[in-house]
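Student: I'm passing along work-v3.pdb; it holds PDB, C-alpha atoms.
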ATOM      1  CA  MET A   1     138.648 189.974 127.620  1.00  0.00           C
ATOM      2  CA  LYS A   2     137.877 186.301 127.031  1.00  0.00           C
ATOM      3  CA  THR A   3     134.922 185.289 124.894  1.00  0.00           C
ATOM      4  CA  LEU A   4     132.124 182.763 125.365  1.00  0.00           C
ATOM      5  CA  ALA A   5     130.047 181.744 122.341  1.00  0.00           C
ATOM      6  CA  ILE A   6     126.557 180.368 122.977  1.00  0.00           C
ATOM      7  CA  VAL A   7     125.030 178.317 120.169  1.00  0.00           C
ATOM      8  CA  SER A   8     121.622 176.654 120.003  1.00  0.00           C
ATOM      9  CA  TYR A   9     118.958 175.902 117.430  1.00  0.00           C
ATOM     10  CA  THR A  10     116.781 178.937 118.176  1.00  0.00           C
ATOM     11  CA  ILE A  11     117.536 182.471 119.302  1.00  0.00           C
ATOM     12  CA  GLU A  12     114.968 182.071 122.112  1.00  0.00           C
ATOM     13  CA  SER A  13     116.971 179.323 123.812  1.00  0.00           C
ATOM     14  CA  VAL A  14     120.252 181.175 123.156  1.00  0.00           C
ATOM     15  CA  ASN A  15     118.861 184.278 124.870  1.00  0.00           C
ATOM     16  CA  SER A  16     117.629 182.176 127.787  1.00  0.00           C
ATOM     17  CA  TYR A  17     121.153 180.857 128.451  1.00  0.00           C
ATOM     18  CA  TYR A  18     122.663 184.297 127.814  1.00  0.00           C
ATOM     19  CA  ASN A  19     120.437 186.006 130.383  1.00  0.00           C
ATOM     20  CA  GLN A  20     121.347 183.468 133.062  1.00  0.00           C
ATOM     21  CA  ILE A  21     125.084 183.811 132.512  1.00  0.00           C
ATOM     22  CA  ARG A  22     125.018 187.590 132.124  1.00  0.00           C
ATOM     23  CA  SER A  23     123.041 188.057 135.354  1.00  0.00           C
ATOM     24  CA  LEU A  24     125.729 186.218 137.339  1.00  0.00           C
ATOM     25  CA  LEU A  25     128.976 187.068 135.563  1.00  0.00           C
ATOM     26  CA  SER A  26     128.030 190.622 134.623  1.00  0.00           C
ATOM     27  CA  ASP A  27     130.442 192.086 132.068  1.00  0.00           C
ATOM     28  CA  ARG A  28     133.489 189.994 133.031  1.00  0.00           C
ATOM     29  CA  ILE A  29     133.363 188.077 129.733  1.00  0.00           C
ATOM     30  CA  THR A  30     132.297 188.848 126.189  1.00  0.00           C
ATOM     31  CA  ILE A  31     129.357 186.704 125.084  1.00  0.00           C
ATOM     32  CA  GLN A  32     128.551 185.949 121.464  1.00  0.00           C
ATOM     33  CA  ARG A  33     125.097 184.585 120.575  1.00  0.00           C
ATOM     34  CA  TYR A  34     124.311 182.398 117.582  1.00  0.00           C
ATOM     35  CA  CYS A  35     121.355 180.332 116.492  1.00  0.00           C
ATOM     36  CA  LEU A  36     121.867 177.734 113.771  1.00  0.00           C
ATOM     37  CA  GLU A  37     120.620 180.084 111.062  1.00  0.00           C
ATOM     38  CA  ASP A  38     123.111 182.774 112.147  1.00  0.00           C
ATOM     39  CA  ILE A  39     126.037 180.402 111.686  1.00  0.00           C
ATOM     40  CA  LYS A  40     124.973 179.570 108.153  1.00  0.00           C
ATOM     41  CA  ASN A  41     125.293 183.290 107.368  1.00  0.00           C
ATOM     42  CA  LEU A  42     128.566 183.916 109.240  1.00  0.00           C
ATOM     43  CA  LYS A  43     131.319 185.648 107.318  1.00  0.00           C
ATOM     44  CA  GLU A  44     133.990 183.021 106.633  1.00  0.00           C
ATOM     45  CA  ARG A  45     131.732 180.690 108.671  1.00  0.00           C
ATOM     46  CA  LYS A  46     134.004 180.737 111.720  1.00  0.00           C
ATOM     47  CA  ILE A  47     133.220 181.125 115.416  1.00  0.00           C
ATOM     48  CA  SER A  48     136.071 182.865 117.198  1.00  0.00           C
ATOM     49  CA  ALA A  49     135.728 182.294 120.948  1.00  0.00           C
ATOM     50  CA  ASP A  50     137.662 180.871 123.885  1.00  0.00           C
ATOM     51  CA  VAL A  51     134.790 178.617 124.969  1.00  0.00           C
ATOM     52  CA  LEU A  52     131.750 177.328 123.098  1.00  0.00           C
ATOM     53  CA  LEU A  53     128.619 176.511 125.126  1.00  0.00           C
ATOM     54  CA  ILE A  54     126.361 174.181 123.170  1.00  0.00           C
ATOM     55  CA  PRO A  55     123.393 172.006 124.218  1.00  0.00           C
ATOM     56  CA  SER A  56     124.097 168.806 122.280  1.00  0.00           C
ATOM     57  CA  TYR A  57     126.585 166.822 120.221  1.00  0.00           C
ATOM     58  CA  HIS A  58     123.947 166.588 117.496  1.00  0.00           C
ATOM     59  CA  LEU A  59     124.165 170.365 117.043  1.00  0.00           C
ATOM     60  CA  LEU A  60     127.961 170.357 117.291  1.00  0.00           C
ATOM     61  CA  LYS A  61     128.135 167.997 114.312  1.00  0.00           C
ATOM     62  CA  LYS A  62     126.165 170.520 112.262  1.00  0.00           C
ATOM     63  CA  ILE A  63     128.565 173.396 113.007  1.00  0.00           C
ATOM     64  CA  LYS A  64     131.836 171.538 113.630  1.00  0.00           C
ATOM     65  CA  GLY A  65     133.502 173.041 110.575  1.00  0.00           C
ATOM     66  CA  CYS A  66     132.836 176.543 111.931  1.00  0.00           C
ATOM     67  CA  VAL A  67     134.511 175.977 115.300  1.00  0.00           C
ATOM     68  CA  SER A  68     138.206 176.651 115.817  1.00  0.00           C
ATOM     69  CA  ARG A  69     140.292 173.775 117.149  1.00  0.00           C
ATOM     70  CA  ASN A  70     141.527 176.105 119.882  1.00  0.00           C
ATOM     71  CA  THR A  71     138.000 176.684 121.183  1.00  0.00           C
ATOM     72  CA  GLU A  72     137.140 174.703 124.308  1.00  0.00           C
ATOM     73  CA  LEU A  73     133.805 172.881 124.237  1.00  0.00           C
ATOM     74  CA  LEU A  74     131.280 172.971 127.049  1.00  0.00           C
ATOM     75  CA  PHE A  75     128.106 170.909 126.705  1.00  0.00           C
ATOM     76  CA  ALA A  76     125.228 172.447 128.626  1.00  0.00           C
ATOM     77  CA  SER A  77     123.403 170.621 131.402  1.00  0.00           C
ATOM     78  CA  ARG A  78     119.804 171.742 130.988  1.00  0.00           C
ATOM     79  CA  THR A  79     116.805 171.759 133.266  1.00  0.00           C
ATOM     80  CA  LEU A  80     113.344 173.319 133.554  1.00  0.00           C
ATOM     81  CA  SER A  81     111.842 176.025 135.710  1.00  0.00           C
ATOM     82  CA  LYS A  82     109.888 175.048 138.800  1.00  0.00           C
ATOM     83  CA  ALA A  83     106.824 176.613 137.204  1.00  0.00           C
ATOM     84  CA  GLY A  84     107.311 174.371 134.178  1.00  0.00           C
ATOM     85  CA  MET A  85     107.694 171.272 136.355  1.00  0.00           C
ATOM     86  CA  ASP A  86     104.556 172.234 138.278  1.00  0.00           C
ATOM     87  CA  LYS A  87     102.647 172.144 134.986  1.00  0.00           C
ATOM     88  CA  ILE A  88     104.052 168.696 134.213  1.00  0.00           C
ATOM     89  CA  ASN A  89     103.281 167.386 137.695  1.00  0.00           C
ATOM     90  CA  SER A  90      99.671 168.543 137.321  1.00  0.00           C
ATOM     91  CA  ILE A  91      99.108 166.335 134.248  1.00  0.00           C
ATOM     92  CA  LYS A  92      96.680 163.493 134.925  1.00  0.00           C
ATOM     93  CA  LYS A  93      98.308 160.214 135.940  1.00  0.00           C
ATOM     94  CA  GLY A  94      98.765 157.751 133.083  1.00  0.00           C
ATOM     95  CA  SER A  95      98.416 160.383 130.349  1.00  0.00           C
ATOM     96  CA  ASN A  96     100.238 159.861 127.063  1.00  0.00           C
ATOM     97  CA  VAL A  97     102.526 162.864 126.682  1.00  0.00           C
ATOM     98  CA  VAL A  98     104.748 163.804 123.738  1.00  0.00           C
ATOM     99  CA  LEU A  99     107.663 166.160 124.356  1.00  0.00           C
ATOM    100  CA  ILE A 100     108.835 168.450 121.567  1.00  0.00           C
ATOM    101  CA  ASP A 101     112.368 169.837 121.720  1.00  0.00           C
ATOM    102  CA  GLU A 102     114.806 171.184 119.151  1.00  0.00           C
ATOM    103  CA  SER A 103     116.378 167.820 118.260  1.00  0.00           C
ATOM    104  CA  PRO A 104     115.927 164.104 119.058  1.00  0.00           C
ATOM    105  CA  GLU A 105     118.955 164.121 121.359  1.00  0.00           C
ATOM    106  CA  MET A 106     117.763 167.177 123.277  1.00  0.00           C
ATOM    107  CA  ALA A 107     114.251 165.758 123.637  1.00  0.00           C
ATOM    108  CA  GLU A 108     115.597 162.525 125.138  1.00  0.00           C
ATOM    109  CA  GLN A 109     117.784 164.561 127.486  1.00  0.00           C
ATOM    110  CA  ILE A 110     114.868 166.611 128.817  1.00  0.00           C
ATOM    111  CA  ILE A 111     112.671 163.513 129.163  1.00  0.00           C
ATOM    112  CA  SER A 112     115.401 161.959 131.317  1.00  0.00           C
ATOM    113  CA  ILE A 113     115.572 165.119 133.435  1.00  0.00           C
ATOM    114  CA  ILE A 114     111.786 165.189 133.889  1.00  0.00           C
ATOM    115  CA  TYR A 115     111.783 161.591 135.109  1.00  0.00           C
ATOM    116  CA  GLN A 116     114.787 162.248 137.334  1.00  0.00           C
ATOM    117  CA  LEU A 117     112.936 165.173 138.892  1.00  0.00           C
ATOM    118  CA  GLY A 118     110.155 162.793 139.887  1.00  0.00           C
ATOM    119  CA  ALA A 119     107.438 163.136 137.226  1.00  0.00           C
ATOM    120  CA  ARG A 120     106.965 159.405 136.671  1.00  0.00           C
ATOM    121  CA  HIS A 121     103.179 159.453 136.682  1.00  0.00           C
ATOM    122  CA  ILE A 122     102.923 160.071 132.923  1.00  0.00           C
ATOM    123  CA  GLU A 123     104.010 158.162 129.816  1.00  0.00           C
ATOM    124  CA  LEU A 124     106.537 160.435 128.117  1.00  0.00           C
ATOM    125  CA  SER A 125     107.797 159.969 124.581  1.00  0.00           C
ATOM    126  CA  SER A 126     109.791 162.091 122.168  1.00  0.00           C
ATOM    127  CA  TYR A 127     108.150 163.804 119.222  1.00  0.00           C
ATOM    128  CA  TRP A 128     111.045 162.511 117.137  1.00  0.00           C
ATOM    129  CA  SER A 129     110.477 158.833 117.986  1.00  0.00           C
ATOM    130  CA  ASN A 130     107.461 158.483 115.660  1.00  0.00           C
ATOM    131  CA  VAL A 131     105.214 157.095 118.380  1.00  0.00           C
ATOM    132  CA  SER A 132     101.931 155.935 116.841  1.00  0.00           C
ATOM    133  CA  THR A 133      99.578 158.089 118.902  1.00  0.00           C
ATOM    134  CA  LYS A 134      96.797 160.205 117.447  1.00  0.00           C
ATOM    135  CA  ASP A 135      97.579 163.897 117.830  1.00  0.00           C
ATOM    136  CA  ASP A 136      94.222 164.701 119.402  1.00  0.00           C
ATOM    137  CA  GLU A 137      94.521 161.889 121.962  1.00  0.00           C
ATOM    138  CA  CYS A 138      97.733 162.963 123.676  1.00  0.00           C
ATOM    139  CA  ILE A 139      99.210 165.968 125.417  1.00  0.00           C
ATOM    140  CA  PHE A 140     102.099 167.850 123.823  1.00  0.00           C
ATOM    141  CA  ILE A 141     104.773 169.505 125.966  1.00  0.00           C
ATOM    142  CA  VAL A 142     106.719 172.273 124.232  1.00  0.00           C
ATOM    143  CA  LEU A 143     109.743 174.213 125.476  1.00  0.00           C
ATOM    144  CA  GLY A 144     109.064 177.805 124.514  1.00  0.00           C
ATOM    145  CA  GLN A 145     108.153 178.419 120.895  1.00  0.00           C
ATOM    146  CA  SER A 146     108.078 175.441 118.549  1.00  0.00           C
ATOM    147  CA  ASP A 147     107.446 174.966 114.845  1.00  0.00           C
ATOM    148  CA  TYR A 148     106.868 171.244 115.250  1.00  0.00           C
ATOM    149  CA  VAL A 149     103.484 171.163 116.999  1.00  0.00           C
ATOM    150  CA  PRO A 150     101.065 169.152 114.815  1.00  0.00           C
ATOM    151  CA  ALA A 151      98.175 171.134 113.357  1.00  0.00           C
ATOM    152  CA  HIS A 152      95.591 168.854 114.982  1.00  0.00           C
ATOM    153  CA  ALA A 153      97.295 168.573 118.373  1.00  0.00           C
ATOM    154  CA  GLY A 154      95.013 168.235 121.376  1.00  0.00           C
ATOM    155  CA  GLU A 155      96.216 169.818 124.609  1.00  0.00           C
ATOM    156  CA  ILE A 156      99.478 171.795 124.409  1.00  0.00           C
ATOM    157  CA  ILE A 157     101.464 172.670 127.546  1.00  0.00           C
ATOM    158  CA  ASN A 158     104.264 175.222 127.214  1.00  0.00           C
ATOM    159  CA  VAL A 159     106.759 174.753 130.060  1.00  0.00           C
ATOM    160  CA  GLY A 160     109.043 177.571 128.906  1.00  0.00           C
ATOM    161  CA  ASN A 161     112.524 177.457 127.435  1.00  0.00           C
ATOM    162  CA  SER A 162     114.997 175.030 128.938  1.00  0.00           C
ATOM    163  CA  LEU A 163     117.454 176.617 131.370  1.00  0.00           C
ATOM    164  CA  LEU A 164     121.063 175.999 132.323  1.00  0.00           C
ATOM    165  CA  ASP A 165     121.437 173.869 135.419  1.00  0.00           C
ATOM    166  CA  ILE A 166     123.717 175.203 138.128  1.00  0.00           C
ATOM    167  CA  ASN A 167     126.469 172.814 137.020  1.00  0.00           C
ATOM    168  CA  SER A 168     126.769 174.580 133.678  1.00  0.00           C
ATOM    169  CA  ILE A 169     126.926 178.008 135.319  1.00  0.00           C
ATOM    170  CA  ILE A 170     129.713 176.820 137.609  1.00  0.00           C
ATOM    171  CA  ASP A 171     131.519 175.181 134.679  1.00  0.00           C
ATOM    172  CA  VAL A 172     131.475 178.501 132.818  1.00  0.00           C
ATOM    173  CA  GLY A 173     132.830 180.228 135.921  1.00  0.00           C
ATOM    174  CA  MET A 174     135.642 177.684 136.150  1.00  0.00           C
ATOM    175  CA  LYS A 175     136.538 177.939 132.456  1.00  0.00           C
ATOM    176  CA  PHE A 176     137.023 181.693 132.826  1.00  0.00           C
ATOM    177  CA  ASP A 177     138.512 181.642 136.353  1.00  0.00           C
ATOM    178  CA  LEU A 178     135.515 183.588 137.637  1.00  0.00           C
ATOM    179  CA  LEU A 179     134.224 181.393 140.447  1.00  0.00           C
ATOM    180  CA  SER A 180     134.977 184.190 142.898  1.00  0.00           C
ATOM    181  CA  VAL A 181     132.594 186.430 140.932  1.00  0.00           C
ATOM    182  CA  LEU A 182     129.693 184.029 141.376  1.00  0.00           C
ATOM    183  CA  ASP A 183     128.341 185.746 144.452  1.00  0.00           C
ATOM    184  CA  LYS A 184     126.619 183.077 146.531  1.00  0.00           C
ATOM    185  CA  GLN A 185     123.462 185.020 147.189  1.00  0.00           C
ATOM    186  CA  ASP A 186     123.072 185.798 143.474  1.00  0.00           C
ATOM    187  CA  VAL A 187     123.387 182.100 142.652  1.00  0.00           C
ATOM    188  CA  VAL A 188     120.831 181.180 145.286  1.00  0.00           C
ATOM    189  CA  ARG A 189     118.443 183.882 144.098  1.00  0.00           C
ATOM    190  CA  SER A 190     118.870 182.914 140.447  1.00  0.00           C
ATOM    191  CA  TYR A 191     118.096 179.268 141.150  1.00  0.00           C
ATOM    192  CA  THR A 192     115.119 179.783 143.431  1.00  0.00           C
ATOM    193  CA  GLU A 193     112.765 179.173 140.506  1.00  0.00           C
ATOM    194  CA  ILE A 194     114.804 176.470 138.751  1.00  0.00           C
ATOM    195  CA  GLU A 195     114.611 172.719 139.266  1.00  0.00           C
ATOM    196  CA  THR A 196     118.009 171.084 139.677  1.00  0.00           C
ATOM    197  CA  ALA A 197     118.953 167.468 140.176  1.00  0.00           C
ATOM    198  CA  ASN A 198     122.255 168.565 141.794  1.00  0.00           C
ATOM    199  CA  PHE A 199     124.297 166.339 139.496  1.00  0.00           C
ATOM    200  CA  GLY A 200     127.799 165.580 140.693  1.00  0.00           C
ATOM    201  CA  LEU A 201     127.305 166.785 144.262  1.00  0.00           C
ATOM    202  CA  LEU A 202     128.656 163.619 145.855  1.00  0.00           C
ATOM    203  CA  LYS A 203     131.687 163.659 143.571  1.00  0.00           C
ATOM    204  CA  ILE A 204     132.388 167.305 144.344  1.00  0.00           C
ATOM    205  CA  LEU A 205     132.173 166.580 148.087  1.00  0.00           C
ATOM    206  CA  GLY A 206     135.216 164.333 147.696  1.00  0.00           C
ATOM    207  CA  LEU A 207     137.369 166.911 145.917  1.00  0.00           C
ATOM    208  CA  THR A 208     140.047 169.074 147.522  1.00  0.00           C
ATOM    209  CA  ASN A 209     140.733 172.773 147.886  1.00  0.00           C
ATOM    210  CA  SER A 210     140.980 173.456 144.147  1.00  0.00           C
ATOM    211  CA  ARG A 211     137.187 173.340 143.991  1.00  0.00           C
ATOM    212  CA  GLU A 212     136.221 174.720 147.377  1.00  0.00           C
ATOM    213  CA  SER A 213     134.398 177.652 145.785  1.00  0.00           C
ATOM    214  CA  GLN A 214     132.375 175.326 143.571  1.00  0.00           C
ATOM    215  CA  LEU A 215     131.456 173.166 146.557  1.00  0.00           C
ATOM    216  CA  ASP A 216     130.526 176.186 148.654  1.00  0.00           C
ATOM    217  CA  ILE A 217     128.179 177.521 145.974  1.00  0.00           C
ATOM    218  CA  LEU A 218     126.479 174.141 145.629  1.00  0.00           C
ATOM    219  CA  LEU A 219     126.074 173.732 149.384  1.00  0.00           C
ATOM    220  CA  GLN A 220     124.310 177.073 149.669  1.00  0.00           C
ATOM    221  CA  THR A 221     122.091 176.407 146.645  1.00  0.00           C
ATOM    222  CA  ILE A 222     120.647 172.943 147.252  1.00  0.00           C
ATOM    223  CA  ASN A 223     117.485 172.461 149.287  1.00  0.00           C
ATOM    224  CA  ALA A 224     118.871 169.615 151.416  1.00  0.00           C
ATOM    225  CA  GLY A 225     120.840 169.958 154.629  1.00  0.00           C
ATOM    226  CA  VAL A 226     124.441 168.760 154.221  1.00  0.00           C
ATOM    227  CA  ILE A 227     126.998 168.046 156.959  1.00  0.00           C
ATOM    228  CA  GLY A 228     130.497 166.727 156.184  1.00  0.00           C
ATOM    229  CA  VAL A 229     132.272 164.578 158.788  1.00  0.00           C
ATOM    230  CA  ASP A 230     135.930 163.507 158.522  1.00  0.00           C
ATOM    231  CA  ASN A 231     137.448 160.160 159.548  1.00  0.00           C
ATOM    232  CA  GLY A 232     137.974 161.459 163.062  1.00  0.00           C
ATOM    233  CA  GLY A 233     134.315 162.288 163.505  1.00  0.00           C
ATOM    234  CA  GLU A 234     134.890 166.034 163.240  1.00  0.00           C
ATOM    235  CA  ILE A 235     132.465 168.217 161.254  1.00  0.00           C
ATOM    236  CA  PHE A 236     134.408 170.072 158.568  1.00  0.00           C
ATOM    237  CA  LEU A 237     131.573 171.609 156.560  1.00  0.00           C
ATOM    238  CA  TYR A 238     127.859 172.287 156.699  1.00  0.00           C
ATOM    239  CA  ASN A 239     125.325 174.488 154.935  1.00  0.00           C
ATOM    240  CA  GLU A 240     122.646 176.820 156.260  1.00  0.00           C
ATOM    241  CA  ASN A 241     119.863 174.290 155.707  1.00  0.00           C
ATOM    242  CA  ALA A 242     121.680 171.775 157.926  1.00  0.00           C
ATOM    243  CA  ARG A 243     122.124 174.430 160.619  1.00  0.00           C
ATOM    244  CA  ASP A 244     118.418 175.274 160.485  1.00  0.00           C
ATOM    245  CA  ILE A 245     117.402 171.601 160.674  1.00  0.00           C
ATOM    246  CA  ILE A 246     119.474 170.877 163.781  1.00  0.00           C
ATOM    247  CA  LYS A 247     118.604 174.320 165.200  1.00  0.00           C
ATOM    248  CA  LYS A 248     122.170 175.274 166.101  1.00  0.00           C
ATOM    249  CA  GLU A 249     124.064 178.538 165.825  1.00  0.00           C
ATOM    250  CA  ASN A 250     127.167 178.660 163.599  1.00  0.00           C
ATOM    251  CA  GLU A 251     129.591 178.471 166.527  1.00  0.00           C
ATOM    252  CA  SER A 252     127.979 175.367 168.034  1.00  0.00           C
ATOM    253  CA  VAL A 253     127.805 173.309 164.829  1.00  0.00           C
ATOM    254  CA  LEU A 254     131.560 172.773 164.476  1.00  0.00           C
TER
END
Give the structure from this file in structure tokens form.
Tutor:
Amino acid sequence: MKTLAIVSYTIESVNSYYNQIRSLLSDRITIQRYCLEDIKNLKERKISADVLLIPSYHLLKKIKGCVSRNTELLFASRTLSKAGMDKINSIKKGSNVVLIDESPEMAEQIISIIYQLGARHIELSSYWSNVSTKDDECIFIVLGQSDYVPAHAGEIINVGNSLLDINSIIDVGMKFDLLSVLDKQDVVRSYTEIETANFGLLKILGLTNSRESQLDILLQTINAGVIGVDNGGEIFLYNENARDIIKKENESVL
């Protein structure tokens, strides 16, 4: 059985990614879990896995000597839960907000995701950027548990651990030839409470049969209605949301 190794800074974030993957791929792959401290204590300091899932290049540099050259790398696309985004969207407009994540690179990544998901009403900065703002005058956003919250911080909003976006789940499925195992309804159910920016959807729409399963999963997961039309004006694909919007039965859409 092939092996996936998940590495992150804290065991909380590792377990978050593990639970997502395990719920969808069941026991089809062996999953190893490591936080940074675990790797420091590894016997012979080597990770033996077919694929390594890791959230940032910054972390990879710290453990590069422990990763086999034969191990494929997969950098995680992360996002937040809808409940977490609701908390961010409820912050007063114009507020100065500092985001704390496990590394500077990861903090900048999540800030970009938050803005991409539409929360542009606040002034977001990274904890690691040394912004000259008094701790008691700004709001701190933390992702799960954090050891970096200043002692005299004012308001603290915990938006929960970051989660794997659907792209990363599909990438794992592709790496292990398990796309057929990603039952569509399970994917939809798993992502009901997760915000996703649907990265790469337009690119995937232009790909051919080798990724039909990936496209199909995405079409059934996104909130938008999608209809594909070929050069001859014929509809060649659609999702359930599109069918509901135009109020047509399956047979009359095509």
Student: Quick one: residues within 7 Å of Leu80 (chain A), only C-alpha atoms, excluding same-chain residues fewer than 6 positions away - as number ranges by chain?
Tutor: A: 162-163, 194-195
Student: Using all atoms listed in the file, find the one residue out of A:Pro150, A:Cys35, A:Ile227, A:Thr3 that sits nearest to Asn15 (chain A).
Tutor: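 Looking at the shortest contact to Asn15 (chain A), the residue is A:Cys35.
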Student: Residue by residue, what does the PyMOL selection byres ((chain A and resi 79) around 10) grab here? Present the result as a list of chain:residue names.
Tutor: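 When the PyMOL selection byres ((chain A and resi 79) around 10) is applied to the shown file, the picked residues are A:Ala76, A:Ser77, A:Arg78, A:Leu80, A:Ser81, A:Lys82, A:Gly84, A:Met85, A:Gln109, A:Ile110, A:Ile113, A:Ile114, A:Leu117, A:Asn161, A:Ser162, A:Leu163, A:Leu164, A:Asp165, A:Ile166, A:Ile194, A:Glu195, A:Thr196, A:Ala197.
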Student: Run the PyMOL selection byres ((chain A and resi 123) around 7) against the file shown and list the residues it catches, as a ChimeraX atom specification.
Tutor: /A:94-97,122,124-125
Student: For the provided coordinates, the residues matched by the PyMOL selection byres ((chain A and resi 90) around 12) should be stated as a list in words.
Tutor: Ala83, Gly84, Met85, Asp86, Lys87, Ile88, Asn89, Ile91, Lys92, Lys93, Gly94, Ser95, Ala119, Arg120, His121, Ile122, Ile157 and Val159 of chain A
Student: Complete region 173-180 of chain A with all heavy atoms (output as a PDB file, in the coordinates of the input).
Tutor:
ATOM      1  N   GLY A 173     132.001 179.474 134.985  1.00  0.00           N
ATOM      2  CA  GLY A 173     132.830 180.228 135.921  1.00  0.00           C
ATOM      3  C   GLY A 173     134.225 179.657 136.039  1.00  0.00           C
ATOM      4  O   GLY A 173     135.220 180.396 136.090  1.00  0.00           O
ATOM      5  N   MET A 174     134.335 178.329 136.046  1.00  0.00           N
ATOM      6  CA  MET A 174     135.642 177.684 136.150  1.00  0.00           C
ATOM      7  C   MET A 174     136.467 177.882 134.886  1.00  0.00           C
ATOM      8  O   MET A 174     137.670 178.126 134.944  1.00  0.00           O
ATOM      9  CB  MET A 174     135.465 176.193 136.443  1.00  0.00           C
ATOM     10  CG  MET A 174     134.925 175.894 137.832  1.00  0.00           C
ATOM     11  SD  MET A 174     134.859 174.124 138.174  1.00  0.00           S
ATOM     12  CE  MET A 174     136.613 173.731 138.222  1.00  0.00           C
ATOM     13  N   LYS A 175     135.821 177.777 133.724  1.00  0.00           N
ATOM     14  CA  LYS A 175     136.538 177.939 132.456  1.00  0.00           C
ATOM     15  C   LYS A 175     137.181 179.320 132.345  1.00  0.00           C
ATOM     16  O   LYS A 175     138.245 179.474 131.748  1.00  0.00           O
ATOM     17  CB  LYS A 175     135.583 177.731 131.279  1.00  0.00           C
ATOM     18  CG  LYS A 175     135.112 176.303 131.064  1.00  0.00           C
ATOM     19  CD  LYS A 175     136.201 175.429 130.484  1.00  0.00           C
ATOM     20  CE  LYS A 175     135.663 174.045 130.130  1.00  0.00           C
ATOM     21  NZ  LYS A 175     136.745 173.155 129.627  1.00  0.00           N
ATOM     22  N   PHE A 176     136.530 180.321 132.937  1.00  0.00           N
ATOM     23  CA  PHE A 176     137.023 181.693 132.826  1.00  0.00           C
ATOM     24  C   PHE A 176     137.647 182.196 134.130  1.00  0.00           C
ATOM     25  O   PHE A 176     137.871 183.396 134.286  1.00  0.00           O
ATOM     26  CB  PHE A 176     135.881 182.620 132.397  1.00  0.00           C
ATOM     27  CG  PHE A 176     135.427 182.405 130.978  1.00  0.00           C
ATOM     28  CD1 PHE A 176     134.387 181.531 130.697  1.00  0.00           C
ATOM     29  CD2 PHE A 176     136.054 183.052 129.928  1.00  0.00           C
ATOM     30  CE1 PHE A 176     133.970 181.316 129.390  1.00  0.00           C
ATOM     31  CE2 PHE A 176     135.644 182.852 128.621  1.00  0.00           C
ATOM     32  CZ  PHE A 176     134.599 181.974 128.351  1.00  0.00           C
ATOM     33  N   ASP A 177     137.912 181.273 135.064  1.00  0.00           N
ATOM     34  CA  ASP A 177     138.512 181.642 136.353  1.00  0.00           C
ATOM     35  C   ASP A 177     137.708 182.730 137.056  1.00  0.00           C
ATOM     36  O   ASP A 177     138.257 183.697 137.597  1.00  0.00           O
ATOM     37  CB  ASP A 177     139.963 182.114 136.162  1.00  0.00           C
ATOM     38  CG  ASP A 177     140.858 181.011 135.626  1.00  0.00           C
ATOM     39  OD1 ASP A 177     140.679 179.851 136.040  1.00  0.00           O
ATOM     40  OD2 ASP A 177     141.725 181.308 134.787  1.00  0.00           O
ATOM     41  N   LEU A 178     136.391 182.566 137.062  1.00  0.00           N
ATOM     42  CA  LEU A 178     135.515 183.588 137.637  1.00  0.00           C
ATOM     43  C   LEU A 178     134.627 183.039 138.756  1.00  0.00           C
ATOM     44  O   LEU A 178     133.579 183.615 139.055  1.00  0.00           O
ATOM     45  CB  LEU A 178     134.630 184.200 136.540  1.00  0.00           C
ATOM     46  CG  LEU A 178     135.342 185.053 135.492  1.00  0.00           C
ATOM     47  CD1 LEU A 178     134.382 185.455 134.389  1.00  0.00           C
ATOM     48  CD2 LEU A 178     135.956 186.290 136.136  1.00  0.00           C
ATOM     49  N   LEU A 179     135.043 181.941 139.368  1.00  0.00           N
ATOM     50  CA  LEU A 179     134.224 181.393 140.447  1.00  0.00           C
ATOM     51  C   LEU A 179     134.041 182.403 141.575  1.00  0.00           C
ATOM     52  O   LEU A 179     132.997 182.450 142.217  1.00  0.00           O
ATOM     53  CB  LEU A 179     134.847 180.111 140.997  1.00  0.00           C
ATOM     54  CG  LEU A 179     134.563 178.825 140.213  1.00  0.00           C
ATOM     55  CD1 LEU A 179     135.193 177.642 140.919  1.00  0.00           C
ATOM     56  CD2 LEU A 179     133.067 178.602 140.049  1.00  0.00           C
ATOM     57  N   SER A 180     135.077 183.209 141.812  1.00  0.00           N
ATOM     58  CA  SER A 180     134.977 184.190 142.898  1.00  0.00           C
ATOM     59  C   SER A 180     133.929 185.251 142.605  1.00  0.00           C
ATOM     60  O   SER A 180     133.429 185.916 143.510  1.00  0.00           O
ATOM     61  CB  SER A 180     136.333 184.864 143.118  1.00  0.00           C
ATOM     62  OG  SER A 180     136.754 185.532 141.938  1.00  0.00           O
TER      63      SER A 180
END
